[in-house]
file input-v6.pdb (PDB, C-alpha atoms)
ATOM      1  CA  MET A   1       1.920 -40.735  -8.251
ATOM      2  CA  LEU A   2       2.606 -40.071 -11.910
ATOM      3  CA  VAL A   3       6.309 -40.892 -11.448
ATOM      4  CA  ASP A   4       8.130 -43.355  -9.248
ATOM      5  CA  PHE A   5       9.892 -42.350  -6.060
ATOM      6  CA  GLU A   6      13.303 -43.209  -7.476
ATOM      7  CA  LEU A   7      12.917 -40.562 -10.182
ATOM      8  CA  VAL A   8      12.036 -37.926  -7.584
ATOM      9  CA  ARG A   9      15.017 -39.042  -5.485
ATOM     10  CA  ARG A  10      17.324 -38.661  -8.492
ATOM     11  CA  ALA A  11      15.899 -35.219  -9.246
ATOM     12  CA  GLN A  12      16.523 -34.293  -5.608
ATOM     13  CA  GLN A  13      20.160 -35.254  -6.031
ATOM     14  CA  GLY A  14      20.495 -32.766  -8.891
ATOM     15  CA  ASP A  15      19.916 -35.077 -11.866
ATOM     16  CA  GLY A  16      18.668 -32.680 -14.563
ATOM     17  CA  ALA A  17      17.292 -35.439 -16.775
ATOM     18  CA  ALA A  18      15.257 -36.845 -13.876
ATOM     19  CA  PHE A  19      13.916 -33.375 -13.099
ATOM     20  CA  ASN A  20      12.966 -32.996 -16.756
ATOM     21  CA  GLU A  21      11.002 -36.245 -16.618
ATOM     22  CA  VAL A  22       9.198 -35.160 -13.464
ATOM     23  CA  VAL A  23       8.164 -31.889 -15.125
ATOM     24  CA  LEU A  24       7.018 -33.684 -18.269
ATOM     25  CA  ALA A  25       4.858 -35.989 -16.168
ATOM     26  CA  TYR A  26       3.200 -33.270 -14.088
ATOM     27  CA  ARG A  27       3.100 -30.181 -16.274
ATOM     28  CA  LYS A  28      -0.243 -30.895 -17.950
ATOM     29  CA  ARG A  29      -2.044 -31.556 -14.675
ATOM     30  CA  THR A  30      -0.377 -28.594 -13.001
ATOM     31  CA  MET A  31      -1.356 -26.291 -15.841
ATOM     32  CA  GLY A  32      -4.941 -27.544 -15.620
ATOM     33  CA  THR A  33      -5.075 -26.804 -11.904
ATOM     34  CA  ILE A  34      -3.554 -23.350 -12.379
ATOM     35  CA  GLY A  35      -5.959 -22.614 -15.231
ATOM     36  CA  ARG A  36      -8.915 -23.317 -12.952
ATOM     37  CA  LEU A  37      -7.429 -21.400 -10.043
ATOM     38  CA  ILE A  38      -6.545 -18.194 -11.851
ATOM     39  CA  SER A  39      -8.979 -18.366 -14.805
ATOM     40  CA  ARG A  40      -6.612 -16.339 -17.003
ATOM     41  CA  SER A  41      -5.570 -18.654 -19.797
ATOM     42  CA  GLU A  42      -2.853 -16.360 -21.158
ATOM     43  CA  ASP A  43      -0.902 -16.475 -17.884
ATOM     44  CA  VAL A  44      -1.281 -20.173 -17.079
ATOM     45  CA  GLU A  45       1.975 -21.282 -18.674
ATOM     46  CA  ASP A  46       3.934 -18.525 -16.984
ATOM     47  CA  VAL A  47       2.585 -19.461 -13.537
ATOM     48  CA  ALA A  48       3.217 -23.164 -14.242
ATOM     49  CA  GLN A  49       6.832 -22.401 -15.105
ATOM     50  CA  GLU A  50       7.100 -20.477 -11.844
ATOM     51  CA  VAL A  51       5.817 -23.576  -9.991
ATOM     52  CA  PHE A  52       8.478 -25.828 -11.543
ATOM     53  CA  LEU A  53      11.131 -23.172 -11.046
ATOM     54  CA  ARG A  54      10.301 -23.126  -7.328
ATOM     55  CA  LEU A  55      10.265 -26.914  -7.380
ATOM     56  CA  TYR A  56      13.763 -27.019  -8.862
ATOM     57  CA  PHE A  57      15.208 -24.759  -6.186
ATOM     58  CA  SER A  58      13.348 -26.339  -3.278
ATOM     59  CA  LEU A  59      13.607 -30.042  -4.078
ATOM     60  CA  ASP A  60      16.411 -30.432  -1.560
ATOM     61  CA  GLN A  61      13.970 -29.413   1.185
ATOM     62  CA  LEU A  62      11.599 -32.249   0.359
ATOM     63  CA  ARG A  63      11.734 -34.678   3.286
ATOM     64  CA  ALA A  64      10.787 -37.825   1.362
ATOM     65  CA  PRO A  65       9.740 -38.598  -2.236
ATOM     66  CA  GLU A  66       6.503 -40.036  -0.837
ATOM     67  CA  VAL A  67       5.215 -36.542  -0.070
ATOM     68  CA  PHE A  68       6.155 -35.177  -3.476
ATOM     69  CA  GLU A  69       2.588 -34.665  -4.747
ATOM     70  CA  PRO A  70       1.306 -32.639  -1.770
ATOM     71  CA  TRP A  71       4.551 -30.674  -2.029
ATOM     72  CA  LEU A  72       3.926 -29.893  -5.689
ATOM     73  CA  TYR A  73       0.303 -28.965  -4.939
ATOM     74  CA  ARG A  74       1.557 -26.684  -2.200
ATOM     75  CA  LEU A  75       3.892 -24.935  -4.633
ATOM     76  CA  THR A  76       1.031 -24.673  -7.144
ATOM     77  CA  VAL A  77      -1.331 -23.189  -4.582
ATOM     78  CA  ASN A  78       1.302 -20.692  -3.445
ATOM     79  CA  ALA A  79       2.206 -19.625  -6.982
ATOM     80  CA  ALA A  80      -1.469 -19.203  -7.934
ATOM     81  CA  TYR A  81      -2.108 -17.243  -4.750
ATOM     82  CA  ASP A  82       0.898 -14.990  -5.392
ATOM     83  CA  TYR A  83      -0.323 -14.413  -8.938
ATOM     84  CA  LEU A  84      -3.848 -13.518  -7.782
ATOM     85  CA  ARG A  85      -2.485 -11.154  -5.156
ATOM     86  CA  LYS A  86      -0.283  -9.444  -7.709
ATOM     87  CA  GLN A  87      -3.162  -9.067 -10.083
ATOM     88  CA  ARG A  88      -5.400  -7.464  -7.474
ATOM     89  CA  ARG A  89      -8.048  -7.502 -10.114
ATOM     90  CA  ARG A  90     -10.708  -8.827  -7.794
ATOM     91  CA  PRO A  91     -12.758  -5.969  -6.362
ATOM     92  CA  GLU A  92     -15.234  -6.530  -3.544
ATOM     93  CA  PHE A  93     -18.141  -8.520  -4.837
ATOM     94  CA  ARG A  94     -21.168  -6.525  -5.882
ATOM     95  CA  MET A  95     -24.361  -7.844  -7.335
ATOM     96  CA  SER A  96     -23.683  -5.831 -10.437
ATOM     97  CA  ASP A  97     -20.504  -7.820 -11.009
ATOM     98  CA  LEU A  98     -22.600 -10.548 -12.585
ATOM     99  CA  SER A  99     -24.102  -9.543 -15.866
ATOM    100  CA  GLU A 100     -27.553 -10.711 -16.808
ATOM    101  CA  GLN A 101     -25.968 -13.067 -19.287
ATOM    102  CA  GLN A 102     -23.749 -14.594 -16.619
ATOM    103  CA  VAL A 103     -26.695 -15.126 -14.299
ATOM    104  CA  MET A 104     -28.556 -16.894 -17.074
ATOM    105  CA  MET A 105     -25.462 -18.976 -17.699
ATOM    106  CA  ALA A 106     -25.294 -20.033 -14.069
ATOM    107  CA  ASP A 107     -28.947 -21.044 -14.214
ATOM    108  CA  ALA A 108     -28.524 -22.868 -17.476
ATOM    109  CA  VAL A 109     -25.575 -24.799 -16.107
ATOM    110  CA  ALA A 110     -27.537 -25.762 -13.038
ATOM    111  CA  GLY A 111     -30.359 -26.967 -15.274
ATOM    112  CA  GLY A 112     -27.973 -29.016 -17.401
ATOM    113  CA  LYS A 113     -28.740 -27.056 -20.543
ATOM    114  CA  VAL A 114     -25.249 -26.010 -21.431
ATOM    115  CA  GLU A 115     -23.619 -26.886 -24.677
ATOM    116  CA  HIS A 116     -19.928 -26.597 -24.045
ATOM    117  CA  ASP A 117     -18.777 -24.593 -26.963
ATOM    118  CA  GLN A 118     -15.866 -22.250 -26.533
ATOM    119  CA  GLN A 119     -17.919 -19.107 -26.129
ATOM    120  CA  GLN A 120     -20.060 -20.622 -23.427
ATOM    121  CA  GLN A 121     -17.018 -21.978 -21.624
ATOM    122  CA  LYS A 122     -15.575 -18.503 -21.575
ATOM    123  CA  LYS A 123     -18.791 -17.096 -20.126
ATOM    124  CA  LEU A 124     -18.893 -19.887 -17.568
ATOM    125  CA  ARG A 125     -15.363 -19.079 -16.465
ATOM    126  CA  GLU A 126     -16.326 -15.429 -16.142
ATOM    127  CA  THR A 127     -19.372 -16.381 -14.074
ATOM    128  CA  VAL A 128     -17.366 -18.491 -11.655
ATOM    129  CA  ASP A 129     -14.694 -15.810 -11.542
ATOM    130  CA  SER A 130     -17.299 -13.198 -10.602
ATOM    131  CA  LEU A 131     -18.819 -15.403  -7.907
ATOM    132  CA  LEU A 132     -15.390 -16.058  -6.456
ATOM    133  CA  GLY A 133     -14.980 -12.307  -6.151
ATOM    134  CA  ALA A 134     -17.028 -12.708  -2.968
ATOM    135  CA  VAL A 135     -14.089 -14.331  -1.165
ATOM    136  CA  SER A 136     -10.413 -13.525  -0.632
ATOM    137  CA  GLU A 137      -7.711 -14.858  -2.948
ATOM    138  CA  ALA A 138      -6.665 -17.396  -0.322
ATOM    139  CA  ASP A 139     -10.221 -18.680   0.135
ATOM    140  CA  ARG A 140     -10.760 -18.716  -3.615
ATOM    141  CA  VAL A 141      -7.797 -21.055  -4.044
ATOM    142  CA  LEU A 142      -8.857 -23.251  -1.120
ATOM    143  CA  LEU A 143     -12.462 -23.489  -2.318
ATOM    144  CA  LEU A 144     -11.437 -24.386  -5.855
ATOM    145  CA  MET A 145      -8.970 -26.999  -4.647
ATOM    146  CA  LYS A 146     -11.814 -28.656  -2.745
ATOM    147  CA  GLU A 147     -14.815 -28.135  -4.990
ATOM    148  CA  VAL A 148     -13.297 -28.158  -8.468
ATOM    149  CA  GLU A 149     -10.027 -30.068  -8.106
ATOM    150  CA  GLY A 150     -11.860 -32.549  -5.903
ATOM    151  CA  LEU A 151      -9.154 -32.875  -3.249
ATOM    152  CA  SER A 152     -10.191 -34.446   0.018
ATOM    153  CA  LEU A 153      -9.852 -32.692   3.368
ATOM    154  CA  ARG A 154      -7.039 -35.065   4.265
ATOM    155  CA  GLU A 155      -5.150 -34.101   1.115
ATOM    156  CA  LEU A 156      -5.770 -30.423   1.781
ATOM    157  CA  GLU A 157      -4.519 -30.909   5.321
ATOM    158  CA  LYS A 158      -1.204 -32.173   3.935
ATOM    159  CA  ILE A 159      -0.959 -29.329   1.425
ATOM    160  CA  TYR A 160      -1.887 -26.508   3.789
ATOM    161  CA  ARG A 161      -0.404 -28.099   6.918
ATOM    162  CA  VAL A 162      -3.459 -26.972   8.822
ATOM    163  CA  LYS A 163      -5.795 -29.072  10.991
ATOM    164  CA  GLU A 164      -8.793 -30.561   9.221
ATOM    165  CA  ASN A 165     -11.280 -28.768  11.467
ATOM    166  CA  ALA A 166      -9.770 -25.367  10.722
ATOM    167  CA  LEU A 167      -9.995 -26.131   7.014
ATOM    168  CA  LYS A 168     -13.622 -27.215   7.367
ATOM    169  CA  VAL A 169     -14.560 -23.964   9.050
ATOM    170  CA  ARG A 170     -12.748 -21.894   6.470
ATOM    171  CA  LEU A 171     -14.264 -23.838   3.586
ATOM    172  CA  PHE A 172     -17.735 -23.563   5.062
ATOM    173  CA  ARG A 173     -17.465 -19.788   5.442
ATOM    174  CA  ALA A 174     -16.067 -19.341   1.943
ATOM    175  CA  ARG A 175     -18.783 -21.509   0.443
ATOM    176  CA  GLN A 176     -21.458 -19.591   2.333
ATOM    177  CA  ARG A 177     -20.179 -16.321   0.940
ATOM    178  CA  VAL A 178     -20.121 -17.633  -2.605
ATOM    179  CA  LEU A 179     -23.563 -19.122  -2.101
ATOM    180  CA  LYS A 180     -24.838 -15.782  -0.866
ATOM    181  CA  ALA A 181     -23.434 -14.120  -3.990
ATOM    182  CA  PHE A 182     -25.022 -16.818  -6.096
ATOM    183  CA  GLU A 183     -28.418 -16.346  -4.439
ATOM    184  CA  ALA A 184     -28.157 -12.583  -4.860
ATOM    185  CA  ALA A 185     -27.439 -13.079  -8.534
ATOM    186  CA  GLU A 186     -30.389 -15.442  -8.810
ATOM    187  CA  ARG A 187     -32.736 -12.943  -7.165
ATOM    188  CA  LYS A 188     -31.449 -10.244  -9.446
ATOM    189  CA  SER A 189     -32.118 -12.475 -12.425
ATOM    190  CA  GLU A 190     -35.652 -13.252 -11.243
ATOM    191  CA  ASN A 191     -36.477  -9.595 -10.617
ATOM    192  CA  GLY A 192     -34.744  -8.304 -13.696
TER     193      GLY A 192
ATOM    194  CA  MET B   1     -35.928 -21.366 -12.289
ATOM    195  CA  TYR B   2     -35.626 -24.823 -10.730
ATOM    196  CA  PRO B   3     -37.781 -25.056  -7.636
ATOM    197  CA  MET B   4     -36.767 -28.646  -6.936
ATOM    198  CA  GLN B   5     -33.131 -27.756  -6.902
ATOM    199  CA  GLY B   6     -31.685 -25.750  -4.002
ATOM    200  CA  ASP B   7     -29.011 -23.106  -4.512
ATOM    201  CA  ASP B   8     -26.519 -25.425  -2.829
ATOM    202  CA  ASP B   9     -27.070 -28.063  -5.510
ATOM    203  CA  LYS B  10     -26.953 -25.448  -8.218
ATOM    204  CA  LEU B  11     -23.610 -24.278  -6.936
ATOM    205  CA  ASP B  12     -22.327 -27.854  -7.001
ATOM    206  CA  SER B  13     -23.517 -28.181 -10.593
ATOM    207  CA  LEU B  14     -21.722 -24.962 -11.401
ATOM    208  CA  TRP B  15     -18.443 -26.281  -9.956
ATOM    209  CA  ARG B  16     -18.785 -29.464 -12.010
ATOM    210  CA  ALA B  17     -19.511 -27.510 -15.175
ATOM    211  CA  TYR B  18     -16.554 -25.253 -14.454
ATOM    212  CA  ARG B  19     -14.305 -28.294 -14.067
ATOM    213  CA  GLU B  20     -15.486 -29.609 -17.432
ATOM    214  CA  ALA B  21     -15.133 -26.213 -19.075
ATOM    215  CA  CYS B  22     -11.506 -25.947 -17.933
ATOM    216  CA  PRO B  23      -9.875 -29.277 -18.752
ATOM    217  CA  ASP B  24      -6.158 -29.971 -18.273
ATOM    218  CA  ARG B  25      -4.339 -28.251 -21.092
ATOM    219  CA  GLU B  26      -1.391 -29.031 -23.288
ATOM    220  CA  PRO B  27       1.648 -26.852 -22.745
ATOM    221  CA  SER B  28       3.249 -25.043 -25.653
ATOM    222  CA  ALA B  29       6.401 -26.307 -27.364
ATOM    223  CA  ASP B  30       8.387 -23.581 -25.599
ATOM    224  CA  PHE B  31       7.415 -24.734 -22.120
ATOM    225  CA  MET B  32      10.496 -26.805 -21.304
ATOM    226  CA  PRO B  33      13.072 -24.545 -23.024
ATOM    227  CA  GLY B  34      11.444 -21.555 -21.313
ATOM    228  CA  LEU B  35      11.585 -23.278 -17.945
ATOM    229  CA  TRP B  36      15.257 -24.162 -18.316
ATOM    230  CA  ARG B  37      16.014 -20.588 -19.403
ATOM    231  CA  ARG B  38      14.406 -19.330 -16.214
ATOM    232  CA  ILE B  39      16.286 -21.875 -14.110
ATOM    233  CA  GLU B  40      19.604 -20.868 -15.687
ATOM    234  CA  SER B  41      18.823 -17.187 -15.290
ATOM    235  CA  ARG B  42      17.978 -17.632 -11.591
ATOM    236  CA  ARG B  43      21.057 -19.782 -11.087
ATOM    237  CA  THR B  44      23.309 -17.160 -12.740
ATOM    238  CA  PHE B  45      21.770 -14.423 -10.636
ATOM    239  CA  SER B  46      22.204 -16.451  -7.442
ATOM    240  CA  PHE B  47      25.809 -17.232  -8.393
ATOM    241  CA  SER B  48      26.627 -13.563  -9.103
ATOM    242  CA  PHE B  49      24.949 -12.462  -5.896
ATOM    243  CA  GLU B  50      26.830 -15.091  -3.925
ATOM    244  CA  ARG B  51      30.123 -13.974  -5.460
ATOM    245  CA  MET B  52      29.357 -10.338  -4.686
ATOM    246  CA  VAL B  53      28.478 -11.140  -1.066
ATOM    247  CA  ARG B  54      31.611 -13.248  -0.725
ATOM    248  CA  GLY B  55      33.681 -10.352  -2.129
ATOM    249  CA  PHE B  56      32.184  -7.924   0.378
ATOM    250  CA  VAL B  57      32.814 -10.290   3.269
ATOM    251  CA  THR B  58      36.433 -10.822   2.207
ATOM    252  CA  ALA B  59      37.023  -7.070   1.812
ATOM    253  CA  ALA B  60      35.460  -6.352   5.214
ATOM    254  CA  ALA B  61      37.583  -9.035   6.874
ATOM    255  CA  ALA B  62      40.757  -7.686   5.226
ATOM    256  CA  LEU B  63      39.945  -4.139   6.312
ATOM    257  CA  THR B  64      39.284  -5.261   9.884
ATOM    258  CA  ILE B  65      42.607  -7.077  10.029
ATOM    259  CA  ALA B  66      44.433  -4.070   8.547
ATOM    260  CA  ILE B  67      42.882  -1.678  11.089
ATOM    261  CA  GLY B  68      43.669  -4.131  13.900
ATOM    262  CA  VAL B  69      47.294  -4.391  12.842
ATOM    263  CA  TYR B  70      47.622  -0.616  12.504
ATOM    264  CA  MET B  71      46.110  -0.007  15.952
ATOM    265  CA  SER B  72      48.344  -2.566  17.606
ATOM    266  CA  LEU B  73      51.596  -1.107  16.211
ATOM    267  CA  PRO B  74      53.729   0.633  18.911
ATOM    268  CA  ARG B  75      54.303   4.325  18.238
ATOM    269  CA  ALA B  76      58.037   4.531  17.406
ATOM    270  CA  THR B  77      58.678   8.313  17.608
ATOM    271  CA  PRO B  78      58.056  10.343  20.796
ATOM    272  CA  ALA B  79      56.634  13.125  18.692
ATOM    273  CA  ALA B  80      53.966  10.792  17.608
ATOM    274  CA  GLU B  81      52.933  10.231  21.220
ATOM    275  CA  THR B  82      52.475  13.903  22.050
ATOM    276  CA  ASN B  83      48.992  15.101  21.775
ATOM    277  CA  TYR B  84      47.783  18.449  20.551
ATOM    278  CA  LEU B  85      47.838  20.223  23.931
ATOM    279  CA  GLU B  86      51.340  19.014  24.717
ATOM    280  CA  ALA B  87      52.573  20.240  21.367
ATOM    281  CA  LEU B  88      50.883  23.602  21.927
ATOM    282  CA  ALA B  89      52.383  23.985  25.407
ATOM    283  CA  GLU B  90      55.811  23.183  24.068
ATOM    284  CA  ALA B  91      55.525  25.794  21.371
ATOM    285  CA  ASN B  92      54.314  28.509  23.768
ATOM    286  CA  ALA B  93      56.029  27.690  27.013
ATOM    287  CA  LEU B  94      54.907  29.774  30.033
ATOM    288  CA  ASP B  95      58.358  29.972  31.599
ATOM    289  CA  THR B  96      59.935  32.018  28.803
ATOM    290  CA  PRO B  97      61.520  35.340  29.880
ATOM    291  CA  GLU B  98      58.671  37.277  28.319
ATOM    292  CA  ASN B  99      56.215  35.512  30.540
ATOM    293  CA  VAL B 100      58.096  35.126  33.817
ATOM    294  CA  GLY B 101      60.448  38.203  33.804
ATOM    295  CA  PRO B 102      59.845  41.302  36.036
ATOM    296  CA  VAL B 103      57.167  43.687  35.039
ATOM    297  CA  ARG B 104      58.482  47.066  34.069
ATOM    298  CA  LEU B 105      56.370  50.061  34.904
ATOM    299  CA  GLU B 106      56.718  53.340  32.962
ATOM    300  CA  LEU B 107      56.532  55.900  35.765
ATOM    301  CA  ASN B 108      57.240  58.951  33.663
ATOM    302  CA  ASP B 109      54.077  58.590  31.766
ATOM    303  CA  PRO B 110      53.300  62.100  30.466
ATOM    304  CA  GLY B 111      49.661  61.356  30.667
ATOM    305  CA  ARG B 112      49.639  61.115  34.486
TER     306      ARG B 112
END
call {"tool": "encode", "arguments": {"input": "input-v6.pdb", "output": "structure tokens"}}
result
Amino acid sequence: MLVDFELVRRAQQGDGAAFNEVVLAYRKRTMGTIGRLISRSEDVEDVAQEVFLRLYFSLDQLRAPEVFEPWLYRLTVNAAYDYLRKQRRRPEFRMSDLSEQQVMMADAVAGGKVEHDQQQQKKLRETVDSLLGAVSEADRVLLLMKEVEGLSLRELEKIYRVKENALKVRLFRARQRVLKAFEAAERKSENG
Amino acid sequence: MYPMQGDDDKLDSLWRAYREACPDREPSADFMPGLWRRIESRRTFSFSFERMVRGFVTAAAALTIAIGVYMSLPRATPAAETNYLEALAEANALDTPENVGPVRLELNDPGR
């Protein structure tokens, strides 16, 4: 926890200053998570504000301050998912979605050859974004929460309120689809 | 290509690189003021909506009571109790001399 339970309790009771402190403590991490989930840097702050807005109006529903972090993650996941659905900018994945440059980037990353300058980071984000086009918005968020945010299955279970086995199956299928897209891109790169 | 490295491992490397390429970011100076503006705006909207709903409920309740009171009032004048058919019958009574008097026949009809 980045804040103590007492602060969350005070925020729950309508203490604006306490709520402010909670936001200040979590906003950077929340924005980072959203940035990786939606990969649209210009909208990250807007979605993060939406998360804390929802937090403000739903704090009274929080059962105990001890479950605050999964609660906040849940709001983050939902806001990111709503954003992605609204955007509807993810067409069905096609091999042509990955440019030659992006395929080379994926290979270079795998080979540890990447110098992380801004341009390359942008291309890397585009590559991952294209690969994630192979799965639904919901699976994209779930996969990133596991693979990139590094959350454990137990943590995801608390966030999604779904049994661990169901999550495992869903994650496995999503990963397989992304892997298939990745392999297709690799083959394309080899042939091209 | 990297024959020693499977696609699974490559994908894991890609996730790691993606994580590094997208570090946690600093919010802008307008983050907190913007958030509080949105909270206030939502609160104002909710308050107005609540007031509007409350107004509608009050008006509906008042109207229901008014209709109830009106319906329960006893009709004071007998005229008010007569319905349309009764009023019509009264105006055109069947037992008037024109209706119930003897029928007169014209026997010296030149046409016969």
call {"tool": "closest_atom_pairs", "arguments": {"input": "input-v6.pdb", "of": "chain A", "to": "chain B", "cutoff": "9 Å", "atoms": "only C-alpha atoms", "output": "tab-separated table"}}
result
residue	atom	partner	partner_atom	distance
A:Asn20	CA	B:Met32	CA	8.1
A:Val23	CA	B:Met32	CA	8.3
A:Leu24	CA	B:Met32	CA	8.3
A:Arg27	CA	B:Pro27	CA	7.4
A:Lys28	CA	B:Glu26	CA	5.8
A:Arg29	CA	B:Asp24	CA	5.7
A:Thr30	CA	B:Asp24	CA	7.9
A:Met31	CA	B:Arg25	CA	6.3
A:Gly32	CA	B:Asp24	CA	3.8
A:Thr33	CA	B:Asp24	CA	7.2
A:Gly35	CA	B:Cys22	CA	7.0
A:Arg36	CA	B:Cys22	CA	6.2
A:Ser39	CA	B:Cys22	CA	8.6
A:Glu45	CA	B:Pro27	CA	6.9
A:Asp46	CA	B:Phe31	CA	8.8
A:Gln49	CA	B:Leu35	CA	5.6
A:Glu50	CA	B:Leu35	CA	8.1
A:Phe52	CA	B:Leu35	CA	7.6
A:Leu53	CA	B:Ile39	CA	6.1
A:Tyr56	CA	B:Ile39	CA	7.8
A:Phe57	CA	B:Ile39	CA	8.5
A:Ala106	CA	B:Leu14	CA	6.6
A:Asp107	CA	B:Met1	CA	7.2
A:Val109	CA	B:Leu14	CA	6.1
A:Ala110	CA	B:Lys10	CA	4.9
A:Gly111	CA	B:Tyr2	CA	7.3
A:Gly112	CA	B:Ser13	CA	8.2
A:Val114	CA	B:Ala17	CA	8.6
A:His116	CA	B:Ala21	CA	6.9
A:Asp117	CA	B:Ala21	CA	8.8
A:Gln118	CA	B:Ala21	CA	8.5
A:Gln120	CA	B:Ala21	CA	8.6
A:Gln121	CA	B:Ala21	CA	5.3
A:Lys122	CA	B:Ala21	CA	8.1
A:Leu124	CA	B:Tyr18	CA	6.6
A:Arg125	CA	B:Tyr18	CA	6.6
A:Val128	CA	B:Tyr18	CA	7.4
A:Leu144	CA	B:Trp15	CA	8.3
A:Glu147	CA	B:Trp15	CA	6.4
A:Val148	CA	B:Trp15	CA	5.7
A:Glu149	CA	B:Arg19	CA	7.5
A:Val178	CA	B:Leu11	CA	8.7
A:Leu179	CA	B:Asp8	CA	7.0
A:Phe182	CA	B:Asp7	CA	7.6
A:Glu183	CA	B:Asp7	CA	6.8
A:Glu186	CA	B:Met1	CA	8.8
A:Glu190	CA	B:Met1	CA	8.2
call {"tool": "atom_distance", "arguments": {"input": "input-v6.pdb", "atom1": "CA of Asp60 (chain A)", "atom2": "CA of Ser46 (chain B)"}}
result
16.2 Å
call {"tool": "residues_around", "arguments": {"input": "input-v6.pdb", "residues": "region 6-8 of chain A", "least_positions_apart": "5", "cutoff": "12 Å", "atoms": "only C-alpha atoms", "output": "ChimeraX atom specification"}}
result
/A:1,13-23,25-26,55-56,59-60,62-69,71-72
call {"tool": "atom_distance", "arguments": {"input": "input-v6.pdb", "atom1": "CA of Pro102 (chain B)", "atom2": "CA of Leu88 (chain B)"}}
result
24.3 Å
call {"tool": "residues_around", "arguments": {"input": "input-v6.pdb", "residues": "Asp139 (chain A)", "least_positions_apart": "2", "cutoff": "8 Å", "atoms": "all atoms listed in the file", "output": "VMD selection string"}}
result
chain A and resid 135 to 137 141 to 143 170 to 171 174
call {"tool": "atom_distance", "arguments": {"input": "input-v6.pdb", "atom1": "CA of Val51 (chain A)", "atom2": "CA of Thr76 (chain A)"}}
result
5.7 Å
call {"tool": "axis_aligned_box", "arguments": {"input": "input-v6.pdb", "around": "region 59-78 of chain B", "padding_each_side": "4 Å", "output": "lines of an AutoDock Vina configuration file"}}
result
center_x = 47.1
center_y = 0.7
center_z = 11.3
size_x = 31.2
size_y = 27.4
size_z = 27.0
